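Participant: What follows is coords37.cif; its format and atoms are mmCIF, C-alpha atoms.
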data_query
#
loop_
_atom_site.label_atom_id
_atom_site.label_comp_id
_atom_site.auth_asym_id
_atom_site.auth_seq_id
_atom_site.Cartn_x
_atom_site.Cartn_y
_atom_site.Cartn_z
CA SER Z 1 98.02 118.93 142.23
CA GLU Z 2 97.98 121.44 145.10
CA ASN Z 3 101.43 120.32 146.25
CA GLU Z 4 102.94 120.87 142.81
CA ASP Z 5 106.07 123.02 142.95
CA MET Z 6 105.72 125.98 140.57
CA LEU Z 7 108.90 127.81 141.58
CA THR Z 8 111.90 126.59 143.53
CA ILE Z 9 114.85 128.81 144.41
CA THR Z 10 117.85 127.30 146.12
CA ASP Z 11 120.68 129.37 147.60
CA LEU Z 12 120.46 131.95 144.81
CA LYS Z 13 123.45 134.25 144.61
CA ALA Z 14 123.38 137.12 142.14
CA LYS Z 15 123.74 140.89 142.09
CA GLY Z 16 122.01 142.17 145.23
CA LEU Z 17 121.20 138.64 146.42
CA ASN Z 18 123.11 136.55 148.91
CA GLY Z 19 121.82 133.00 149.18
CA VAL Z 20 118.03 133.37 148.78
CA SER Z 21 115.86 130.24 148.95
CA LEU Z 22 112.10 129.82 148.59
CA ASN Z 23 109.51 127.37 147.34
CA LEU Z 24 106.19 128.34 145.75
CA LYS Z 25 103.35 125.81 145.45
CA ARG Z 26 100.49 125.80 142.97
CA GLY Z 27 97.70 128.07 144.24
CA GLU Z 28 99.92 129.75 146.84
CA ILE Z 29 100.48 133.47 147.30
CA ILE Z 30 103.83 134.52 148.74
CA GLY Z 31 104.48 138.11 149.79
CA ILE Z 32 107.95 139.63 149.91
CA SER Z 33 108.70 142.74 151.93
CA GLY Z 34 111.68 144.64 153.27
CA LEU Z 35 113.35 148.01 153.17
CA ALA Z 36 114.09 149.49 149.75
CA GLY Z 37 117.29 148.03 148.36
CA SER Z 38 117.05 144.77 150.31
CA GLY Z 39 116.96 142.67 147.13
CA GLN Z 40 113.24 142.29 146.40
CA GLN Z 41 113.33 143.74 142.88
CA GLU Z 42 116.56 141.93 142.06
CA LEU Z 43 114.93 138.66 143.09
CA LEU Z 44 111.90 139.23 140.85
CA GLN Z 45 114.15 140.10 137.92
CA GLN Z 46 116.12 136.88 138.39
CA ILE Z 47 112.90 134.83 138.53
CA TYR Z 48 111.40 136.42 135.43
CA GLY Z 49 114.70 136.19 133.57
CA ALA Z 50 114.71 132.41 134.10
CA ARG Z 51 111.79 132.06 131.65
CA LYS Z 52 114.17 132.54 128.71
CA LYS Z 53 117.48 131.33 130.05
CA GLN Z 54 117.97 128.65 132.66
CA LYS Z 55 119.53 130.09 135.79
CA GLU Z 56 121.41 128.14 138.41
CA GLY Z 57 119.34 127.91 141.57
CA ILE Z 58 115.96 128.67 139.89
CA GLU Z 59 113.45 126.07 138.68
CA LEU Z 60 110.26 127.27 136.96
CA ASN Z 61 107.27 125.04 136.27
CA GLY Z 62 104.81 126.94 134.08
CA SER Z 63 104.19 130.14 132.15
CA ILE Z 64 105.08 133.32 133.99
CA ALA Z 65 104.01 136.98 133.91
CA TYR Z 66 105.67 140.05 135.40
CA VAL Z 67 103.38 142.91 136.45
CA SER Z 68 105.01 146.16 137.51
CA GLY Z 69 103.52 149.07 139.40
CA ASP Z 70 105.59 151.39 137.22
CA ARG Z 71 102.86 151.89 134.64
CA ALA Z 72 104.54 154.80 132.84
CA THR Z 73 107.73 153.03 131.79
CA GLU Z 74 106.97 149.30 132.06
CA GLY Z 75 103.22 148.92 131.89
CA VAL Z 76 101.22 150.63 129.15
CA PHE Z 77 101.49 152.21 125.72
CA GLN Z 78 100.17 155.66 126.51
CA PHE Z 79 98.71 156.52 123.10
CA TRP Z 80 96.87 153.21 122.65
CA ASN Z 81 93.41 152.23 123.77
CA ILE Z 82 92.49 149.60 126.37
CA LYS Z 83 91.94 146.85 123.79
CA ASN Z 84 95.30 147.20 122.05
CA ASN Z 85 97.18 147.42 125.35
CA ILE Z 86 95.53 144.25 126.61
CA LEU Z 87 96.20 142.26 123.43
CA VAL Z 88 99.71 143.43 122.57
CA ALA Z 89 101.32 140.48 124.42
CA ASN Z 90 98.76 137.97 123.16
CA LEU Z 91 98.46 138.48 119.41
CA ASP Z 92 98.86 134.75 118.71
CA ARG Z 93 95.56 134.16 120.51
CA VAL Z 94 93.55 136.49 118.29
CA LYS Z 95 95.09 136.10 114.86
CA GLY Z 96 93.27 134.68 111.87
CA LYS Z 97 94.91 132.93 108.93
CA LEU Z 98 96.89 136.00 107.94
CA LEU Z 99 95.82 139.00 110.03
CA ILE Z 100 94.32 139.75 113.43
CA ASP Z 101 90.77 138.42 113.75
CA SER Z 102 88.91 141.55 114.90
CA GLY Z 103 86.06 139.47 116.31
CA LYS Z 104 88.39 137.41 118.48
CA ALA Z 105 90.33 140.52 119.48
CA ASN Z 106 87.23 142.42 120.58
CA ALA Z 107 85.82 139.40 122.42
CA SER Z 108 89.06 138.73 124.29
CA ALA Z 109 89.54 142.35 125.34
CA GLN Z 110 85.88 142.65 126.34
CA GLU Z 111 86.08 139.48 128.44
CA TRP Z 112 88.86 140.91 130.61
CA TYR Z 113 87.36 144.39 130.60
CA ASP Z 114 84.28 142.83 132.21
CA LYS Z 115 86.17 140.47 134.54
CA LEU Z 116 88.34 143.22 136.00
CA LYS Z 117 85.40 145.63 136.28
CA PHE Z 118 86.99 148.61 134.51
CA ARG Z 119 85.55 152.05 135.14
CA ALA Z 120 85.71 153.46 131.60
CA GLU Z 121 83.53 154.02 128.54
CA GLY Z 122 84.67 150.81 126.88
CA ILE Z 123 87.58 148.88 125.39
CA GLU Z 124 88.21 151.66 122.85
CA SER Z 125 88.93 154.20 125.63
CA ASN Z 126 92.40 155.75 125.47
CA ILE Z 127 94.75 154.79 128.27
CA MET Z 128 95.46 158.41 129.18
CA SER Z 129 91.76 158.97 129.95
CA LEU Z 130 91.85 156.36 132.73
CA SER Z 131 92.58 156.67 136.43
CA GLY Z 132 95.77 155.12 137.80
CA GLY Z 133 93.81 152.16 139.11
CA ASN Z 134 92.21 151.44 135.75
CA GLN Z 135 95.55 151.82 133.97
CA GLN Z 136 96.92 149.20 136.34
CA LYS Z 137 94.00 146.92 135.44
CA VAL Z 138 95.16 147.17 131.82
CA VAL Z 139 98.67 146.07 132.84
CA LEU Z 140 97.19 143.17 134.78
CA ALA Z 141 94.80 142.13 132.01
CA LYS Z 142 97.60 142.12 129.42
CA TRP Z 143 99.17 139.16 131.22
CA LEU Z 144 96.05 137.42 132.51
CA VAL Z 145 94.77 136.94 128.96
CA GLY Z 146 97.58 134.41 128.52
CA ASP Z 147 96.34 132.16 131.37
CA VAL Z 148 99.68 132.36 133.16
CA LYS Z 149 100.45 129.87 135.93
CA ILE Z 150 102.92 132.04 137.86
CA MET Z 151 102.34 135.74 138.52
CA ILE Z 152 105.21 138.00 139.59
CA LEU Z 153 103.88 141.28 140.99
CA ASP Z 154 106.22 144.17 141.76
CA GLU Z 155 104.40 146.80 143.86
CA PRO Z 156 101.17 146.26 141.86
CA THR Z 157 99.26 148.93 143.81
CA ALA Z 158 101.95 151.63 143.74
CA GLY Z 159 100.55 155.16 143.50
CA LEU Z 160 96.90 154.11 143.79
CA ASP Z 161 94.28 155.46 146.17
CA PRO Z 162 92.67 153.05 148.69
CA ARG Z 163 89.79 152.20 146.36
CA GLY Z 164 92.17 151.50 143.48
CA ARG Z 165 94.46 149.39 145.67
CA GLU Z 166 91.64 147.18 146.93
CA SER Z 167 90.21 146.78 143.43
CA ILE Z 168 93.57 145.58 142.03
CA LEU Z 169 94.12 143.23 144.99
CA GLN Z 170 90.65 141.77 144.49
CA ASN Z 171 91.40 141.23 140.78
CA ILE Z 172 94.56 139.35 141.76
CA ARG Z 173 92.74 137.23 144.36
CA ASP Z 174 89.95 136.41 141.89
CA TYR Z 175 92.38 135.29 139.19
CA GLN Z 176 94.47 133.27 141.63
CA ALA Z 177 91.37 131.49 142.95
CA ALA Z 178 89.89 130.83 139.50
CA GLN Z 179 93.11 129.59 137.88
CA HIS Z 180 94.79 128.19 140.99
CA ALA Z 181 97.78 130.26 139.95
CA ALA Z 182 100.90 130.75 142.03
CA VAL Z 183 101.69 134.34 142.98
CA VAL Z 184 104.77 136.19 144.23
CA MET Z 185 103.97 139.75 145.30
CA VAL Z 186 106.46 142.38 146.45
CA SER Z 187 105.11 145.29 148.46
CA HIS Z 188 106.68 147.83 150.80
CA SER Z 189 103.40 147.86 152.74
CA MET Z 190 103.24 145.06 155.30
CA GLU Z 191 99.75 146.28 156.17
CA GLU Z 192 98.61 145.54 152.63
CA ILE Z 193 100.51 142.36 152.07
CA ALA Z 194 99.58 140.65 155.35
CA SER Z 195 95.92 140.21 154.46
CA ASN Z 196 96.57 138.96 150.92
CA VAL Z 197 99.24 136.27 151.20
CA ASP Z 198 99.65 132.75 152.55
CA ARG Z 199 103.30 133.22 153.44
CA LEU Z 200 105.50 136.24 153.96
CA LEU Z 201 109.23 136.54 153.28
CA VAL Z 202 111.18 139.39 154.83
CA MET Z 203 114.36 140.41 153.03
CA ASN Z 204 117.33 142.26 154.48
CA HIS Z 205 120.71 142.85 152.82
CA GLY Z 206 119.95 140.44 149.98
CA GLN Z 207 118.81 137.57 152.19
CA ASN Z 208 115.40 136.25 153.23
CA VAL Z 209 115.73 136.57 156.99
CA MET Z 210 112.16 135.47 157.84
CA ASN Z 211 109.78 133.06 156.13
CA GLY Z 212 106.42 132.01 157.52
CA THR Z 213 102.74 132.82 157.71
CA PRO Z 214 102.01 136.51 158.38
CA ALA Z 215 101.15 135.63 161.99
CA GLU Z 216 104.43 133.77 162.43
CA VAL Z 217 106.41 136.66 160.97
CA PHE Z 218 104.65 139.35 163.02
CA SER Z 219 105.25 137.37 166.20
CA HIS Z 220 108.80 138.74 165.71
CA ALA Z 221 107.56 142.35 165.72
CA GLU Z 222 110.48 143.63 167.80
CA GLU Z 223 112.99 142.32 165.26
CA LEU Z 224 111.03 143.78 162.35
CA VAL Z 225 110.96 147.21 163.99
CA GLU Z 226 114.69 146.97 164.68
CA MET Z 227 115.19 146.41 160.93
CA GLY Z 228 113.35 149.67 160.30
CA LEU Z 229 110.22 148.07 158.84
CA ALA Z 230 106.71 149.52 159.26
CA ILE Z 231 104.63 146.72 160.75
CA PRO Z 232 100.81 146.75 160.51
CA LYS Z 233 98.93 149.18 162.79
CA MET Z 234 97.36 146.40 164.86
CA THR Z 235 100.75 144.75 165.31
CA GLN Z 236 102.14 148.11 166.43
CA LEU Z 237 99.36 148.38 169.00
CA PHE Z 238 99.96 144.91 170.39
CA LEU Z 239 103.71 145.47 170.50
CA ALA Z 240 103.10 148.65 172.54
CA LEU Z 241 100.83 146.70 174.91
CA LYS Z 242 103.42 143.93 175.26
CA ARG Z 243 106.11 146.48 176.09
CA ARG Z 244 103.87 147.72 178.91
CA GLY Z 245 103.61 144.26 180.35
CA VAL Z 246 100.22 143.29 178.94
CA PRO Z 247 100.21 139.54 178.11
CA VAL Z 248 99.46 139.73 174.38
CA ASP Z 249 100.88 138.18 171.23
CA THR Z 250 102.22 140.48 168.50
CA SER Z 251 101.21 138.01 165.76
CA VAL Z 252 97.94 140.00 165.50
CA PHE Z 253 97.69 142.12 162.33
CA SER Z 254 93.98 142.65 161.60
CA VAL Z 255 91.14 144.39 163.43
CA GLU Z 256 89.19 141.14 163.79
CA GLN Z 257 92.22 139.35 165.23
CA ALA Z 258 92.73 142.24 167.65
CA ARG Z 259 89.10 142.10 168.76
CA GLN Z 260 89.34 138.39 169.50
CA ALA Z 261 92.69 138.70 171.25
CA LEU Z 262 91.55 141.55 173.52
CA ARG Z 263 88.20 140.03 174.45
CA PRO Z 264 89.59 137.96 177.39
CA LEU Z 265 91.37 141.00 178.78
CA LEU Z 266 88.31 143.23 178.53
CA LYS Z 267 86.25 140.56 180.29
CA GLY Z 268 88.80 140.31 183.08
CA GLY Z 269 90.29 137.10 181.78
CA ARG Z 270 93.88 135.97 182.16
CA GLY Z 271 94.96 137.50 178.88
CA VAL Z 272 96.07 136.22 175.54
CA CYS Z 273 98.95 133.83 175.12
#
Would you mind writing the file out in structure tokens?

Facilitator:
Amino acid sequence: SENEDMLTITDLKAKGLNGVSLNLKRGEIIGISGLAGSGQQELLQQIYGARKKQKEGIELNGSIAYVSGDRATEGVFQFWNIKNNILVANLDRVKGKLLIDSGKANASAQEWYDKLKFRAEGIESNIMSLSGGNQQKVVLAKWLVGDVKIMILDEPTAGLDPRGRESILQNIRDYQAAQHAAVVMVSHSMEEIASNVDRLLVMNHGQNVMNGTPAEVFSHAEELVEMGLAIPKMTQLFLALKRRGVPVDTSVFSVEQARQALRPLLKGGRGVC
């Protein structure tokens, strides 16, 4: 059901973490942001580690995948082709009675090659011939083949150009919608994360100090700036207006939201609450 708990963390204390709590529902996307060293990566490592060994304070309900933006050391085998990189974590799905069933292997790799809309010559293309964005698609596909229920994403768009970032984010949204998967995504970019999550957690000194919808979190723009965080451009604009005495709400973070919020002011209205 939609209210099914896929991940529950209660007062988690570990290295770099000081009493973190969160709850992730089926089909929900939670974003985690904060300054480097605030505990985001440590939290993801604790969650993923709980798949093999039960950890106090962490309850998992379903298969889990960990996708890193560090493609060079954690993501791909650089001398392999797309097909082998995709299937390396899913050999049980394509094996025959004794050996790998080449037909199943090719079909499975081709399915995800098509779904993620790779820009390459085909599934036999070597990883090193691909752009950073297409290499990241390989990392993503490797785990999606397994029909995971919980996706843990650590800076999944790191080092990508705008086109590559949006392509990867669309792949994630498509999978989440199709499988009703639960997603936890860490990103240093609040601009990026705001438009792609249902809820946003802000971490500081190993604690989650804010937890709410993006609009609820950005309504505390002053506090976020005081923490040293880079809030979205539209939120920056509305914070500047508010500081000048204009009656606006800093919960705005998109161009469309800004347009709607400013319309009463531009028409000579009483402003935006």

Participant: Name the residues in contact with range 87-92 of chain Z at a cut-off of 7 Å, using all atoms listed in the file, excluding same-chain residues fewer than 4 positions from it; report them as a list of chain:residue names.

Facilitator: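 Result of the neighbour search: Z:Lys83, Z:Ala109, Z:Lys142, Z:Gly146.
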
Participant: I'd like the contact shell of range 14-24 of chain Z - 10 Å cut-off, all atoms listed in the file, skipping same-chain residues fewer than 3 positions apart - returned as a ChimeraX atom specification.

Facilitator: /Z:3-11,27-30,37-43,46,56-60,150,182-184,199,201,203-209,211

Participant: May I ask for the distance between CA of Phe77 in chain Z and CA of Ser131 in chain Z, given in Å to one decimal place?

Facilitator: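 Spanning CA of Phe77 in chain Z to CA of Ser131 in chain Z is a straight-line distance of 14.6 Å.
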
Participant: The PyMOL selection byres ((chain Z and resi 81) around 6) - which residues does that actually catch in the file I just gave you? List them as a PDB file with C-alpha atoms, keeping the file's coordinate frame.

Facilitator:
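Final output, out-v8.pdb:
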ATOM      1  CA  TRP Z  80      96.870 153.210 122.650  1.00  0.00           C
ATOM      2  CA  ILE Z  82      92.490 149.600 126.370  1.00  0.00           C
ATOM      3  CA  LYS Z  83      91.940 146.850 123.790  1.00  0.00           C
ATOM      4  CA  ASN Z  84      95.300 147.200 122.050  1.00  0.00           C
ATOM      5  CA  GLU Z 124      88.210 151.660 122.850  1.00  0.00           C
ATOM      6  CA  SER Z 125      88.930 154.200 125.630  1.00  0.00           C
ATOM      7  CA  ASN Z 126      92.400 155.750 125.470  1.00  0.00           C
ATOM      8  CA  ILE Z 127      94.750 154.790 128.270  1.00  0.00           C
TER       9      ILE Z 127
END

Participant: Kindly indicate which residue among Z:Val94, Z:Val139, Z:Met234, Z:Val67 lies nearest to Arg259 in chain Z, using all atoms listed in the file for the distances.

Facilitator: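 Comparing Z:Val94, Z:Val139, Z:Met234, Z:Val67 against Arg259 in chain Z, the winner is Z:Met234.
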
Participant: Output as a PDB file, in the frame of the given file: range 115-137 of chain Z, completed with N, CA and C atoms.

Facilitator:
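The resulting selection.pdb:
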ATOM      1  N   LYS Z 115      85.697 141.205 133.367  1.00  0.00           N
ATOM      2  CA  LYS Z 115      86.170 140.470 134.540  1.00  0.00           C
ATOM      3  C   LYS Z 115      86.837 141.380 135.565  1.00  0.00           C
ATOM      4  N   LEU Z 116      87.607 142.345 135.087  1.00  0.00           N
ATOM      5  CA  LEU Z 116      88.340 143.220 136.000  1.00  0.00           C
ATOM      6  C   LEU Z 116      87.542 144.456 136.407  1.00  0.00           C
ATOM      7  N   LYS Z 117      86.320 144.558 135.881  1.00  0.00           N
ATOM      8  CA  LYS Z 117      85.400 145.630 136.280  1.00  0.00           C
ATOM      9  C   LYS Z 117      86.030 147.016 136.091  1.00  0.00           C
ATOM     10  N   PHE Z 118      86.441 147.299 134.858  1.00  0.00           N
ATOM     11  CA  PHE Z 118      86.990 148.610 134.510  1.00  0.00           C
ATOM     12  C   PHE Z 118      85.933 149.692 134.733  1.00  0.00           C
ATOM     13  N   ARG Z 119      86.399 150.867 135.086  1.00  0.00           N
ATOM     14  CA  ARG Z 119      85.550 152.050 135.140  1.00  0.00           C
ATOM     15  C   ARG Z 119      85.974 152.957 133.987  1.00  0.00           C
ATOM     16  N   ALA Z 120      85.373 152.717 132.813  1.00  0.00           N
ATOM     17  CA  ALA Z 120      85.710 153.460 131.600  1.00  0.00           C
ATOM     18  C   ALA Z 120      84.530 153.352 130.645  1.00  0.00           C
ATOM     19  N   GLU Z 121      84.632 154.039 129.500  1.00  0.00           N
ATOM     20  CA  GLU Z 121      83.530 154.020 128.540  1.00  0.00           C
ATOM     21  C   GLU Z 121      83.492 152.736 127.727  1.00  0.00           C
ATOM     22  N   GLY Z 122      84.634 152.045 127.633  1.00  0.00           N
ATOM     23  CA  GLY Z 122      84.670 150.810 126.880  1.00  0.00           C
ATOM     24  C   GLY Z 122      86.082 150.455 126.468  1.00  0.00           C
ATOM     25  N   ILE Z 123      86.249 149.357 125.740  1.00  0.00           N
ATOM     26  CA  ILE Z 123      87.580 148.880 125.390  1.00  0.00           C
ATOM     27  C   ILE Z 123      88.309 149.791 124.407  1.00  0.00           C
ATOM     28  N   GLU Z 124      87.570 150.721 123.780  1.00  0.00           N
ATOM     29  CA  GLU Z 124      88.210 151.660 122.850  1.00  0.00           C
ATOM     30  C   GLU Z 124      88.722 152.911 123.564  1.00  0.00           C
ATOM     31  N   SER Z 125      88.488 153.020 124.882  1.00  0.00           N
ATOM     32  CA  SER Z 125      88.930 154.200 125.630  1.00  0.00           C
ATOM     33  C   SER Z 125      90.446 154.305 125.631  1.00  0.00           C
ATOM     34  N   ASN Z 126      90.948 155.538 125.447  1.00  0.00           N
ATOM     35  CA  ASN Z 126      92.400 155.750 125.470  1.00  0.00           C
ATOM     36  C   ASN Z 126      92.935 155.603 126.881  1.00  0.00           C
ATOM     37  N   ILE Z 127      94.126 155.027 126.964  1.00  0.00           N
ATOM     38  CA  ILE Z 127      94.750 154.790 128.270  1.00  0.00           C
ATOM     39  C   ILE Z 127      94.868 156.069 129.088  1.00  0.00           C
ATOM     40  N   MET Z 128      95.211 157.170 128.442  1.00  0.00           N
ATOM     41  CA  MET Z 128      95.460 158.410 129.180  1.00  0.00           C
ATOM     42  C   MET Z 128      94.181 159.004 129.767  1.00  0.00           C
ATOM     43  N   SER Z 129      93.015 158.479 129.385  1.00  0.00           N
ATOM     44  CA  SER Z 129      91.760 158.970 129.950  1.00  0.00           C
ATOM     45  C   SER Z 129      91.389 158.223 131.231  1.00  0.00           C
ATOM     46  N   LEU Z 130      92.183 157.208 131.594  1.00  0.00           N
ATOM     47  CA  LEU Z 130      91.850 156.360 132.730  1.00  0.00           C
ATOM     48  C   LEU Z 130      92.536 156.809 134.016  1.00  0.00           C
ATOM     49  N   SER Z 131      91.941 156.450 135.135  1.00  0.00           N
ATOM     50  CA  SER Z 131      92.580 156.670 136.430  1.00  0.00           C
ATOM     51  C   SER Z 131      93.765 155.727 136.572  1.00  0.00           C
ATOM     52  N   GLY Z 132      94.618 155.990 137.570  1.00  0.00           N
ATOM     53  CA  GLY Z 132      95.770 155.120 137.800  1.00  0.00           C
ATOM     54  C   GLY Z 132      95.361 153.684 138.058  1.00  0.00           C
ATOM     55  N   GLY Z 133      94.265 153.506 138.812  1.00  0.00           N
ATOM     56  CA  GLY Z 133      93.810 152.160 139.110  1.00  0.00           C
ATOM     57  C   GLY Z 133      93.360 151.412 137.871  1.00  0.00           C
ATOM     58  N   ASN Z 134      92.671 152.095 136.965  1.00  0.00           N
ATOM     59  CA  ASN Z 134      92.210 151.440 135.750  1.00  0.00           C
ATOM     60  C   ASN Z 134      93.356 151.216 134.764  1.00  0.00           C
ATOM     61  N   GLN Z 135      94.360 152.092 134.775  1.00  0.00           N
ATOM     62  CA  GLN Z 135      95.550 151.820 133.970  1.00  0.00           C
ATOM     63  C   GLN Z 135      96.250 150.559 134.468  1.00  0.00           C
ATOM     64  N   GLN Z 136      96.283 150.393 135.797  1.00  0.00           N
ATOM     65  CA  GLN Z 136      96.920 149.200 136.340  1.00  0.00           C
ATOM     66  C   GLN Z 136      96.128 147.941 136.002  1.00  0.00           C
ATOM     67  N   LYS Z 137      94.819 148.053 135.882  1.00  0.00           N
ATOM     68  CA  LYS Z 137      94.000 146.920 135.440  1.00  0.00           C
ATOM     69  C   LYS Z 137      94.392 146.499 134.023  1.00  0.00           C
TER      70      LYS Z 137
END
